[in-house]
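What follows is a single structure, written as structure tokens, with notes after it.
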Amino acid sequence: MWAARFKRALYLLIPLAIIAALLPSFLNTYIIGSVIFLFIIYSVLALSYDFLAGFAGYMNLGHIVFFGIGAYVAAIIFKKLALPLAVGVVAAPVVVAGFALLFSFPLFRLKGFYFAVAGLAFVELSNLIVASMNAQPITNGFNGISFVQADVILPYYAALGLVVLSILLSLGIADSKFGLALRSIREDEEVADSVGINVPRTKRLALIISGAIAGLDGAVYFWGRGAISPSAAFGFDLAFIPITLALMGGTGTILGPILGGAIYIYLQYYAISFLATFLPGMVYFPNATIGLILIIVGLFAPRGIVGSLRVQRLFRRLYFEMTK
Amino acid sequence: MTDIVLLGGTIIDGLLLGGIYALAALGISLTFSVTNLLNLAHGNLIMMGAVLTFVFYSLLGGSALGPLALLATLLLVLLAFTALGATIEYGLVRPILNNFSDILISGILVTVGLALLLQDVGAYILVKDPANFSRSTTISLTLPFINSVVVGGYYFASSKLFSMIVIVAASVGLYLFFKRTYLGMAMRSISQDRDAAAVVGVNLRRISIITFAIGTLFAGFAGFILVIDQTADPALGLGYTIKLLTIMVLGGVKSPLGPVAGGLLLGVIELLVASIFGAYWVSAVSLIILISILLISPTGLTGRRIR
């Protein structure tokens, strides 16, 4: 079953990857470097958030911290240590995995609501530490670290590779013993424990994988955008992006977070400016857009677009059963 | 000797700052204990209170009319927030409580969504001019009729004394309201056992909407005091909400005395930290307290699980 599902997903993934790889020869650098690049970055962020949230049911509001640390690790290695950027990008997921291991001990003492709140507190705390005067020599404080990035194509391919990696990883986890253990933790931790699943170790591993991918995502983001700052790495409004995208598209599915990323980028880059031609005030409400999506998803579709039954039936009819 | 005087001054200032926190925390803990839904938009409601106070006061002629304009502003803000609270309960909270067994995720999503929405609305109300639009426009009211008062060698703005009196009155009033009135007892019964309360004839819907109206009114009140005593900006909401969570975890939510004690304590600790480590680290105080309390006692000091 696992092999069949994997093969079916590959049939779809390979043509899509080839199309995406050919895109730079058709589209201009702005679309590639800003719109599609950010779409991929956000999708990977939401996918990696969902490794923990979708499988194990832990709502990690502090996920953006991993993204921010990853970006800063790449930036500090590149600008402060004057090593090649590639070293930074490779080191980022390793360092973030270490941080995730460290955070996992205190964080997993908590559950449900308190887990979510502690994550949110970690976001603001990281922001304060990185932007502080004391950290100024390493992080440049408020101003952040930047360099002139002229090449958008190479980071685009890196991001493309990353999203393919995340999807394959997600598929691989879904039907593995590890994925089953995570899902049983989501249903009932005590029962999972009683049937011999090492609950703390399983959760910790999920947090580390989720963090490492987010860290790599952050490093690629820095590579492509050429800049990182405390508000771009640990901002409150940013903290809710992975959650918004994953829940809007459908948590616990592979297609969901990617669909969420596509809708969000479409709203951000096209729908808002389109609406602004009728309602000039629209440009002042960028966060309100996320806010409205959150309210609508929370009230009407907590399982997201892909999670809702009607859409699932449609996909099944199309012989496309990617739901985990 | 001077050290002790300075310390005394810091503690008194901390109590005054904590008074605003207490007022703010009273609202969120009230709505939480009755509906079991944590309103993460409460900090942004306080921000809206500050913004509306600022706008109404300028519209009413501001300092030309003096204390009268301020009183009228307060009444307008309280009225607006009562209506807003009832609307939020009817439009957002009730559907969640009615429809979903898992109110945790829906609750976080909807209230955070509301918070982000309010943040943009607040910024838009303050600055409509696109040329200098900013999300961190700082506002504060300068009231010419407020003087310094000298008490035992310390100087206070009279507005701070006024707000302290109001805060004490509000928390005592709320305490008596819970103990003595039918409505207060009905609220407590719901927070203890929803189903049992319904069985003995408590009208859940009515109590729930009244609770949210009162809780939101307290948020508006806190915003009013905030913009008079301190400064406010449209982006302060979520940071404030985390402070309020810290206070709830510190003081407990079972009686109105909990948030008041927690708020005063946080205010004092924050200013002590500011005088030792510098003002930058003030925002870190509540975060560190929150994280450490949660780690010591994973269900919060209230011992109560939030679903």
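The way I read the labels, and the way they are meant: chains A, B, ... in the order of the structure tokens, residue 1 as the first residue of every chain, and ligand 1 as the first ligand shown, with later ones counted on from there.
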
Report as a VMD selection string the set of chain A residues whose atoms approach chain B to within 9 Å, with distances computed over only C-alpha atoms. chain A and resid 59 106 to 107 109 to 115 117 to 118 120 to 122 124 to 125 128 to 129 132 to 133 236 to 237 240 243 to 244 281 284 to 299 302

Contacts of region 158-206 of chain A with region 223-232 of chain A up to 12 Å, shortest pair per row, only C-alpha atoms, as CSV:
residue,atom,partner,partner_atom,distance
A:Ala158,CA,A:Gly224,CA,9.2
A:Ala159,CA,A:Gly224,CA,8.8
A:Leu160,CA,A:Gly224,CA,12.0

Compile the contact shell of region 214-216 of chain B as a PyMOL selection string: residues with an atom at most 7 Å away, counting only C-alpha atoms, same-chain residues fewer than 6 positions apart removed. chain B and resi 27-28+30-31+81-82+85

Could those selected residues go to a file with C-alpha atoms, as a CSV table (one decimal), in the first residue's frame?
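Wrote it out as selection_11.csv, contents follow:
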chain,number,residue,atom,x,y,z
B,27,GLY,CA,-12.1,41.1,31.8
B,28,ILE,CA,-10.3,38.2,30.1
B,30,LEU,CA,-14.2,36.7,33.6
B,31,THR,CA,-15.0,35.6,30.0
B,81,PHE,CA,-17.5,48.2,24.1
B,82,THR,CA,-20.6,46.7,25.7
B,85,GLY,CA,-18.7,42.5,23.4

From a backbone DSSP assignment, name each residue in region 31-186 of chain A labelled helix (DSSP H, G or I), as a CSV table (one decimal) with N, CA and C atoms, in the first residue's frame.
chain,number,residue,atom,x,y,z
A,31,ILE,N,8.6,37.7,-10.8
A,31,ILE,CA,7.6,36.6,-10.5
A,31,ILE,C,8.3,35.4,-9.9
A,32,ILE,N,9.5,35.0,-10.5
A,32,ILE,CA,10.2,33.9,-9.9
A,32,ILE,C,10.8,34.2,-8.6
A,33,GLY,N,11.5,35.3,-8.4
A,33,GLY,CA,12.2,35.7,-7.2
A,33,GLY,C,11.3,36.1,-6.1
A,34,SER,N,10.2,36.7,-6.4
A,34,SER,CA,9.3,37.1,-5.3
A,34,SER,C,8.1,36.2,-5.1
A,35,VAL,N,7.3,36.2,-6.1
A,35,VAL,CA,6.0,35.5,-6.0
A,35,VAL,C,6.1,34.0,-5.8
A,36,ILE,N,6.8,33.3,-6.8
A,36,ILE,CA,6.8,31.9,-6.7
A,36,ILE,C,7.8,31.4,-5.7
A,37,PHE,N,8.9,32.1,-5.5
A,37,PHE,CA,9.9,31.8,-4.5
A,37,PHE,C,9.2,31.8,-3.1
A,38,LEU,N,8.5,32.9,-2.8
A,38,LEU,CA,7.8,33.0,-1.5
A,38,LEU,C,6.7,32.0,-1.3
A,39,PHE,N,6.0,31.7,-2.4
A,39,PHE,CA,5.0,30.6,-2.4
A,39,PHE,C,5.6,29.3,-1.9
A,40,ILE,N,6.8,29.0,-2.5
A,40,ILE,CA,7.4,27.7,-2.1
A,40,ILE,C,7.9,27.8,-0.7
A,41,ILE,N,8.5,28.9,-0.3
A,41,ILE,CA,9.0,29.1,1.1
A,41,ILE,C,7.9,28.9,2.1
A,42,TYR,N,6.8,29.6,1.9
A,42,TYR,CA,5.6,29.5,2.8
A,42,TYR,C,5.0,28.1,2.8
A,43,SER,N,5.0,27.5,1.6
A,43,SER,CA,4.4,26.1,1.6
A,43,SER,C,5.3,25.2,2.4
A,44,VAL,N,6.6,25.3,2.3
A,44,VAL,CA,7.5,24.4,3.1
A,44,VAL,C,7.3,24.7,4.6
A,45,LEU,N,7.2,26.0,4.9
A,45,LEU,CA,7.0,26.4,6.3
A,45,LEU,C,5.7,25.7,6.8
A,46,ALA,N,4.6,25.8,6.0
A,46,ALA,CA,3.4,25.2,6.5
A,46,ALA,C,3.5,23.6,6.5
A,47,LEU,N,4.1,23.1,5.5
A,47,LEU,CA,4.3,21.6,5.5
A,47,LEU,C,5.1,21.1,6.7
A,48,SER,N,6.2,21.8,7.1
A,48,SER,CA,7.0,21.4,8.2
A,48,SER,C,6.3,21.6,9.5
A,49,TYR,N,5.5,22.7,9.6
A,49,TYR,CA,4.6,22.9,10.8
A,49,TYR,C,3.7,21.7,10.9
A,50,ASP,N,3.2,21.2,9.8
A,50,ASP,CA,2.2,20.1,9.9
A,50,ASP,C,2.8,18.8,10.2
A,51,PHE,N,4.2,18.6,10.1
A,51,PHE,CA,4.8,17.4,10.6
A,51,PHE,C,4.4,17.1,12.0
A,52,LEU,N,4.4,18.1,12.8
A,52,LEU,CA,4.0,17.9,14.2
A,52,LEU,C,2.5,18.1,14.4
A,53,ALA,N,1.9,19.2,13.9
A,53,ALA,CA,0.5,19.5,14.1
A,53,ALA,C,-0.4,18.5,13.5
A,54,GLY,N,-0.1,18.1,12.2
A,54,GLY,CA,-1.0,17.3,11.5
A,54,GLY,C,-1.0,15.8,12.0
A,55,PHE,N,0.3,15.3,12.2
A,55,PHE,CA,0.4,14.0,12.6
A,55,PHE,C,0.1,13.8,14.1
A,56,ALA,N,0.8,14.6,15.0
A,56,ALA,CA,0.7,14.4,16.4
A,56,ALA,C,-0.4,15.2,17.1
A,63,HIS,N,6.5,27.7,15.9
A,63,HIS,CA,7.2,27.1,14.8
A,63,HIS,C,8.1,28.1,14.0
A,64,ILE,N,7.7,29.3,13.9
A,64,ILE,CA,8.4,30.3,13.2
A,64,ILE,C,9.8,30.6,13.8
A,65,VAL,N,10.0,30.2,15.1
A,65,VAL,CA,11.3,30.4,15.7
A,65,VAL,C,12.3,29.6,15.0
A,66,PHE,N,12.0,28.4,14.6
A,66,PHE,CA,12.9,27.5,13.8
A,66,PHE,C,13.3,28.1,12.5
A,67,PHE,N,12.3,28.7,11.8
A,67,PHE,CA,12.6,29.4,10.6
A,67,PHE,C,13.5,30.5,10.8
A,68,GLY,N,13.3,31.3,11.8
A,68,GLY,CA,14.1,32.5,12.1
A,68,GLY,C,15.5,32.1,12.5
A,69,ILE,N,15.6,31.1,13.3
A,69,ILE,CA,17.0,30.7,13.7
A,69,ILE,C,17.8,30.2,12.5
A,70,GLY,N,17.1,29.4,11.7
A,70,GLY,CA,17.7,28.9,10.4
A,70,GLY,C,18.3,30.1,9.6
A,71,ALA,N,17.4,31.1,9.4
A,71,ALA,CA,17.8,32.2,8.6
A,71,ALA,C,19.0,32.9,9.2
A,72,TYR,N,18.9,33.1,10.5
A,72,TYR,CA,20.0,33.8,11.2
A,72,TYR,C,21.3,33.0,11.2
A,73,VAL,N,21.2,31.7,11.3
A,73,VAL,CA,22.4,30.9,11.3
A,73,VAL,C,23.1,31.0,9.9
A,74,ALA,N,22.4,31.0,8.9
A,74,ALA,CA,22.9,31.1,7.5
A,74,ALA,C,23.5,32.5,7.4
A,75,ALA,N,22.8,33.5,7.9
A,75,ALA,CA,23.3,34.9,7.8
A,75,ALA,C,24.6,35.2,8.6
A,76,ILE,N,24.6,34.6,9.8
A,76,ILE,CA,25.8,34.9,10.6
A,76,ILE,C,27.0,34.2,10.1
A,77,ILE,N,26.8,32.9,9.6
A,77,ILE,CA,28.0,32.2,9.0
A,77,ILE,C,28.5,32.9,7.8
A,78,PHE,N,27.5,33.4,7.0
A,78,PHE,CA,27.9,34.1,5.7
A,78,PHE,C,28.6,35.4,5.9
A,79,LYS,N,27.9,36.3,6.7
A,79,LYS,CA,28.4,37.7,6.9
A,79,LYS,C,29.4,37.9,8.0
A,80,LYS,N,29.2,37.2,9.1
A,80,LYS,CA,30.0,37.4,10.3
A,80,LYS,C,31.3,36.6,10.3
A,85,LEU,N,28.2,31.0,1.6
A,85,LEU,CA,26.8,30.9,2.0
A,85,LEU,C,26.3,29.4,2.1
A,86,ALA,N,26.9,28.6,1.2
A,86,ALA,CA,26.5,27.2,1.1
A,86,ALA,C,26.7,26.5,2.5
A,87,VAL,N,27.8,26.9,3.1
A,87,VAL,CA,28.1,26.3,4.4
A,87,VAL,C,27.0,26.7,5.4
A,88,GLY,N,26.5,28.0,5.4
A,88,GLY,CA,25.5,28.4,6.2
A,88,GLY,C,24.2,27.6,6.0
A,89,VAL,N,23.8,27.5,4.7
A,89,VAL,CA,22.6,26.8,4.4
A,89,VAL,C,22.6,25.3,4.8
A,90,VAL,N,23.8,24.7,4.8
A,90,VAL,CA,23.9,23.3,5.2
A,90,VAL,C,23.9,23.2,6.7
A,91,ALA,N,24.5,24.2,7.4
A,91,ALA,CA,24.6,24.2,8.8
A,91,ALA,C,23.3,24.5,9.5
A,92,ALA,N,22.5,25.4,8.8
A,92,ALA,CA,21.2,25.8,9.5
A,92,ALA,C,20.4,24.7,10.0
A,93,PRO,N,20.0,23.7,9.2
A,93,PRO,CA,19.1,22.6,9.7
A,93,PRO,C,19.7,21.9,10.9
A,94,VAL,N,21.1,21.7,10.8
A,94,VAL,CA,21.7,21.0,11.9
A,94,VAL,C,21.6,21.8,13.2
A,95,VAL,N,22.0,23.1,13.1
A,95,VAL,CA,21.9,23.9,14.3
A,95,VAL,C,20.4,23.9,14.9
A,96,VAL,N,19.5,24.1,14.0
A,96,VAL,CA,18.1,24.2,14.4
A,96,VAL,C,17.6,22.9,15.0
A,97,ALA,N,18.1,21.8,14.4
A,97,ALA,CA,17.7,20.5,15.0
A,97,ALA,C,18.2,20.4,16.5
A,98,GLY,N,19.4,21.0,16.7
A,98,GLY,CA,20.0,21.0,18.0
A,98,GLY,C,19.1,21.8,19.0
A,99,PHE,N,18.6,23.0,18.5
A,99,PHE,CA,17.7,23.9,19.3
A,99,PHE,C,16.4,23.1,19.5
A,100,ALA,N,15.9,22.5,18.5
A,100,ALA,CA,14.6,21.8,18.7
A,100,ALA,C,14.8,20.7,19.7
A,101,LEU,N,15.9,20.0,19.7
A,101,LEU,CA,16.1,19.0,20.8
A,101,LEU,C,16.1,19.6,22.1
A,102,LEU,N,16.8,20.8,22.2
A,102,LEU,CA,16.9,21.5,23.5
A,102,LEU,C,15.5,22.0,24.0
A,103,PHE,N,14.7,22.6,23.0
A,103,PHE,CA,13.4,23.1,23.4
A,103,PHE,C,12.4,21.9,23.7
A,104,SER,N,12.7,20.7,23.1
A,104,SER,CA,11.7,19.7,23.3
A,104,SER,C,11.5,19.3,24.7
A,105,PHE,N,12.6,19.3,25.5
A,105,PHE,CA,12.5,18.9,26.9
A,105,PHE,C,11.5,19.7,27.7
A,106,PRO,N,11.7,21.1,27.7
A,106,PRO,CA,10.6,21.8,28.5
A,106,PRO,C,9.3,21.8,27.8
A,107,LEU,N,9.2,21.9,26.4
A,107,LEU,CA,8.0,22.1,25.7
A,107,LEU,C,7.0,21.0,25.9
A,112,GLY,N,-1.8,20.7,24.7
A,112,GLY,CA,-2.9,21.5,24.3
A,112,GLY,C,-2.7,23.0,24.3
A,113,PHE,N,-3.5,23.7,25.1
A,113,PHE,CA,-3.5,25.1,25.1
A,113,PHE,C,-2.2,25.7,25.6
A,114,TYR,N,-1.7,25.1,26.7
A,114,TYR,CA,-0.5,25.6,27.3
A,114,TYR,C,0.7,25.4,26.4
A,115,PHE,N,0.7,24.3,25.6
A,115,PHE,CA,1.8,24.1,24.6
A,115,PHE,C,1.8,25.3,23.6
A,116,ALA,N,0.6,25.6,23.1
A,116,ALA,CA,0.4,26.7,22.1
A,116,ALA,C,0.9,28.0,22.7
A,117,VAL,N,0.5,28.3,23.9
A,117,VAL,CA,0.9,29.6,24.5
A,117,VAL,C,2.4,29.7,24.8
A,118,ALA,N,3.0,28.6,25.3
A,118,ALA,CA,4.4,28.6,25.5
A,118,ALA,C,5.2,28.9,24.2
A,119,GLY,N,4.7,28.2,23.1
A,119,GLY,CA,5.3,28.5,21.8
A,119,GLY,C,5.3,29.9,21.4
A,120,LEU,N,4.1,30.5,21.6
A,120,LEU,CA,4.0,32.0,21.3
A,120,LEU,C,4.9,32.8,22.1
A,121,ALA,N,5.1,32.4,23.4
A,121,ALA,CA,6.0,33.2,24.3
A,121,ALA,C,7.4,33.1,23.8
A,122,PHE,N,7.8,31.9,23.3
A,122,PHE,CA,9.1,31.7,22.7
A,122,PHE,C,9.4,32.6,21.5
A,123,VAL,N,8.4,32.8,20.7
A,123,VAL,CA,8.5,33.7,19.5
A,123,VAL,C,8.9,35.1,20.0
A,124,GLU,N,8.2,35.6,20.9
A,124,GLU,CA,8.4,37.0,21.4
A,124,GLU,C,9.8,37.1,22.1
A,125,LEU,N,10.1,36.0,22.9
A,125,LEU,CA,11.4,36.0,23.6
A,125,LEU,C,12.5,36.0,22.6
A,126,SER,N,12.5,35.2,21.5
A,126,SER,CA,13.5,35.2,20.5
A,126,SER,C,13.7,36.5,19.9
A,127,ASN,N,12.5,37.2,19.6
A,127,ASN,CA,12.6,38.5,19.0
A,127,ASN,C,13.3,39.5,19.8
A,128,LEU,N,13.0,39.5,21.1
A,128,LEU,CA,13.6,40.4,22.1
A,128,LEU,C,15.1,40.1,22.2
A,129,ILE,N,15.5,38.8,22.2
A,129,ILE,CA,16.9,38.5,22.4
A,129,ILE,C,17.7,38.9,21.2
A,130,VAL,N,17.2,38.6,20.0
A,130,VAL,CA,17.9,38.8,18.7
A,130,VAL,C,18.0,40.3,18.5
A,131,ALA,N,17.0,41.1,18.8
A,131,ALA,CA,17.0,42.5,18.5
A,131,ALA,C,17.7,43.3,19.6
A,136,GLN,N,23.7,42.7,19.6
A,136,GLN,CA,24.1,43.6,18.5
A,136,GLN,C,25.3,43.1,17.7
A,137,PRO,N,26.4,42.8,18.3
A,137,PRO,CA,27.6,42.4,17.6
A,137,PRO,C,27.4,41.2,16.7
A,138,ILE,N,26.5,40.3,17.1
A,138,ILE,CA,26.3,39.1,16.3
A,138,ILE,C,25.2,39.2,15.3
A,139,THR,N,24.1,39.9,15.7
A,139,THR,CA,22.9,39.9,14.9
A,139,THR,C,22.6,41.2,14.2
A,141,GLY,N,21.3,43.6,15.6
A,141,GLY,CA,20.1,44.2,16.3
A,141,GLY,C,18.9,44.3,15.4
A,142,PHE,N,18.2,45.5,15.5
A,142,PHE,CA,17.0,45.8,14.8
A,142,PHE,C,17.2,45.7,13.3
A,143,ASN,N,18.4,46.1,12.8
A,143,ASN,CA,18.6,46.3,11.4
A,143,ASN,C,18.7,45.0,10.6
A,153,ILE,N,17.7,32.8,-9.5
A,153,ILE,CA,17.4,31.5,-10.1
A,153,ILE,C,17.9,30.3,-9.2
A,154,LEU,N,19.1,30.5,-8.8
A,154,LEU,CA,19.7,29.4,-8.0
A,154,LEU,C,18.9,29.1,-6.7
A,155,PRO,N,18.6,30.2,-5.9
A,155,PRO,CA,17.8,30.0,-4.7
A,155,PRO,C,16.4,29.4,-5.0
A,156,TYR,N,15.9,29.8,-6.2
A,156,TYR,CA,14.6,29.2,-6.6
A,156,TYR,C,14.7,27.7,-6.8
A,157,TYR,N,15.8,27.2,-7.4
A,157,TYR,CA,15.9,25.8,-7.6
A,157,TYR,C,16.1,25.1,-6.2
A,158,ALA,N,16.9,25.8,-5.3
A,158,ALA,CA,17.1,25.2,-4.0
A,158,ALA,C,15.7,25.1,-3.3
A,159,ALA,N,14.9,26.1,-3.4
A,159,ALA,CA,13.6,26.1,-2.7
A,159,ALA,C,12.7,24.9,-3.3
A,160,LEU,N,12.9,24.8,-4.7
A,160,LEU,CA,12.1,23.8,-5.4
A,160,LEU,C,12.5,22.4,-4.9
A,161,GLY,N,13.8,22.2,-4.7
A,161,GLY,CA,14.3,20.9,-4.2
A,161,GLY,C,13.8,20.7,-2.8
A,162,LEU,N,13.8,21.8,-2.0
A,162,LEU,CA,13.3,21.7,-0.6
A,162,LEU,C,11.9,21.2,-0.5
A,163,VAL,N,11.0,21.8,-1.4
A,163,VAL,CA,9.6,21.5,-1.3
A,163,VAL,C,9.4,20.0,-1.7
A,164,VAL,N,10.1,19.6,-2.7
A,164,VAL,CA,10.0,18.2,-3.2
A,164,VAL,C,10.5,17.3,-2.0
A,165,LEU,N,11.6,17.6,-1.4
A,165,LEU,CA,12.1,16.9,-0.2
A,165,LEU,C,11.0,16.8,0.9
A,166,SER,N,10.4,17.9,1.2
A,166,SER,CA,9.4,17.9,2.2
A,166,SER,C,8.2,17.1,1.9
A,167,ILE,N,7.8,17.1,0.6
A,167,ILE,CA,6.6,16.3,0.3
A,167,ILE,C,7.0,14.8,0.4
A,168,LEU,N,8.2,14.4,-0.1
A,168,LEU,CA,8.6,13.0,-0.1
A,168,LEU,C,8.7,12.6,1.4
A,169,LEU,N,9.3,13.5,2.2
A,169,LEU,CA,9.4,13.2,3.6
A,169,LEU,C,8.1,13.0,4.3
A,170,SER,N,7.2,13.8,3.9
A,170,SER,CA,5.8,13.8,4.5
A,170,SER,C,5.1,12.5,4.1
A,171,LEU,N,5.3,12.1,2.8
A,171,LEU,CA,4.7,10.9,2.3
A,171,LEU,C,5.3,9.7,3.0
A,172,GLY,N,6.7,9.8,3.1
A,172,GLY,CA,7.4,8.7,3.8
A,172,GLY,C,7.0,8.5,5.2
A,173,ILE,N,6.8,9.6,5.9
A,173,ILE,CA,6.4,9.5,7.4
A,173,ILE,C,5.0,8.9,7.4
A,174,ALA,N,4.1,9.4,6.5
A,174,ALA,CA,2.7,9.1,6.6
A,174,ALA,C,2.4,7.6,6.8
A,177,LYS,N,6.1,3.4,10.3
A,177,LYS,CA,5.8,3.0,11.7
A,177,LYS,C,5.8,4.3,12.5
A,178,PHE,N,6.7,5.1,12.2
A,178,PHE,CA,6.9,6.4,13.0
A,178,PHE,C,5.6,7.3,12.8
A,179,GLY,N,5.1,7.3,11.6
A,179,GLY,CA,3.9,8.1,11.3
A,179,GLY,C,2.7,7.6,12.0
A,180,LEU,N,2.6,6.2,12.0
A,180,LEU,CA,1.5,5.6,12.7
A,180,LEU,C,1.6,5.9,14.2
A,181,ALA,N,2.8,5.8,14.8
A,181,ALA,CA,3.0,6.1,16.2
A,181,ALA,C,2.5,7.5,16.5
A,182,LEU,N,2.9,8.5,15.6
A,182,LEU,CA,2.5,9.9,15.8
A,182,LEU,C,1.0,10.0,15.8
A,183,ARG,N,0.4,9.3,14.8
A,183,ARG,CA,-1.1,9.5,14.7
A,183,ARG,C,-1.8,8.8,16.0
A,184,SER,N,-1.2,7.8,16.5
A,184,SER,CA,-1.8,7.2,17.7
A,184,SER,C,-1.6,8.1,18.9
A,185,ILE,N,-0.5,8.9,18.9
A,185,ILE,CA,-0.4,9.9,19.9
A,185,ILE,C,-1.4,11.0,19.8
A,186,ARG,N,-1.8,11.4,18.6
A,186,ARG,CA,-2.8,12.4,18.4
A,186,ARG,C,-4.1,11.9,18.9

May I ask which of the residues A:Leu275, A:Leu16, A:Ala246, A:Leu83 is the closest one to Gly261 (chain A), counting only C-alpha atoms?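 Checking each candidate against Gly261 (chain A), we get A:Ala246 as the closest.
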
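Distance-wise, CA of Leu265 (chain B) and CA of Ile46 (chain B) end up 19.9 Å apart.
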
Using only C-alpha atoms, determine which residues lie at most 9 Å from Ile190 (chain B), disregarding the query and same-chain residues fewer than 2 positions distant; provide the list as a PDB file with N, CA and C atoms, in the first residue's frame.
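Output contents, as saved in selection-v1.pdb:
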ATOM      1  N   SER B  33     -13.568  32.209  32.455  1.00  0.00           N
ATOM      2  CA  SER B  33     -14.102  31.282  33.451  1.00  0.00           C
ATOM      3  C   SER B  33     -15.546  30.917  33.148  1.00  0.00           C
ATOM      4  N   VAL B  34     -16.283  31.784  32.461  1.00  0.00           N
ATOM      5  CA  VAL B  34     -17.679  31.446  32.177  1.00  0.00           C
ATOM      6  C   VAL B  34     -17.828  30.655  30.883  1.00  0.00           C
ATOM      7  N   THR B  35     -17.097  31.055  29.817  1.00  0.00           N
ATOM      8  CA  THR B  35     -17.320  30.379  28.539  1.00  0.00           C
ATOM      9  C   THR B  35     -16.286  29.298  28.247  1.00  0.00           C
ATOM     10  N   MET B 185     -23.889  34.996  40.645  1.00  0.00           N
ATOM     11  CA  MET B 185     -23.907  33.598  41.090  1.00  0.00           C
ATOM     12  C   MET B 185     -24.158  32.671  39.909  1.00  0.00           C
ATOM     13  N   ALA B 186     -25.012  33.124  38.966  1.00  0.00           N
ATOM     14  CA  ALA B 186     -25.271  32.310  37.779  1.00  0.00           C
ATOM     15  C   ALA B 186     -23.973  32.116  36.993  1.00  0.00           C
ATOM     16  N   MET B 187     -23.172  33.201  36.880  1.00  0.00           N
ATOM     17  CA  MET B 187     -21.896  33.085  36.160  1.00  0.00           C
ATOM     18  C   MET B 187     -20.982  32.094  36.840  1.00  0.00           C
ATOM     19  N   ARG B 188     -20.923  32.164  38.172  1.00  0.00           N
ATOM     20  CA  ARG B 188     -20.041  31.242  38.881  1.00  0.00           C
ATOM     21  C   ARG B 188     -20.508  29.808  38.706  1.00  0.00           C
ATOM     22  N   GLN B 192     -18.482  26.588  37.135  1.00  0.00           N
ATOM     23  CA  GLN B 192     -18.224  25.345  37.867  1.00  0.00           C
ATOM     24  C   GLN B 192     -18.717  24.129  37.102  1.00  0.00           C
ATOM     25  N   ASP B 193     -19.952  24.204  36.607  1.00  0.00           N
ATOM     26  CA  ASP B 193     -20.497  23.064  35.869  1.00  0.00           C
ATOM     27  C   ASP B 193     -21.598  23.544  34.940  1.00  0.00           C
ATOM     28  N   ARG B 194     -21.274  23.545  33.658  1.00  0.00           N
ATOM     29  CA  ARG B 194     -22.185  24.091  32.652  1.00  0.00           C
ATOM     30  C   ARG B 194     -23.526  23.367  32.629  1.00  0.00           C
ATOM     31  N   ASP B 195     -23.434  22.039  32.576  1.00  0.00           N
ATOM     32  CA  ASP B 195     -24.661  21.251  32.434  1.00  0.00           C
ATOM     33  C   ASP B 195     -25.538  21.365  33.666  1.00  0.00           C
ATOM     34  N   ALA B 196     -24.903  21.265  34.844  1.00  0.00           N
ATOM     35  CA  ALA B 196     -25.683  21.349  36.078  1.00  0.00           C
ATOM     36  C   ALA B 196     -26.352  22.710  36.193  1.00  0.00           C
ATOM     37  N   ALA B 197     -25.668  23.762  35.772  1.00  0.00           N
ATOM     38  CA  ALA B 197     -26.249  25.098  35.814  1.00  0.00           C
ATOM     39  C   ALA B 197     -27.485  25.160  34.928  1.00  0.00           C
ATOM     40  N   ALA B 198     -27.378  24.551  33.735  1.00  0.00           N
ATOM     41  CA  ALA B 198     -28.512  24.555  32.815  1.00  0.00           C
ATOM     42  C   ALA B 198     -29.696  23.799  33.428  1.00  0.00           C
ATOM     43  N   VAL B 202     -30.457  27.989  34.817  1.00  0.00           N
ATOM     44  CA  VAL B 202     -29.687  29.169  34.432  1.00  0.00           C
ATOM     45  C   VAL B 202     -29.714  29.292  32.910  1.00  0.00           C
ATOM     46  N   LEU B 204     -28.147  29.816  29.873  1.00  0.00           N
ATOM     47  CA  LEU B 204     -26.745  29.850  29.445  1.00  0.00           C
ATOM     48  C   LEU B 204     -26.480  30.939  28.421  1.00  0.00           C
ATOM     49  N   ILE B 207     -26.611  34.529  29.975  1.00  0.00           N
ATOM     50  CA  ILE B 207     -25.471  34.790  30.860  1.00  0.00           C
ATOM     51  C   ILE B 207     -24.192  34.943  30.046  1.00  0.00           C
TER      52      ILE B 207
END

Give me, please, the distance in Å between CA of Met48 (chain B) and CA of Pro259 (chain B), quoted to one decimal. 21.2 Å
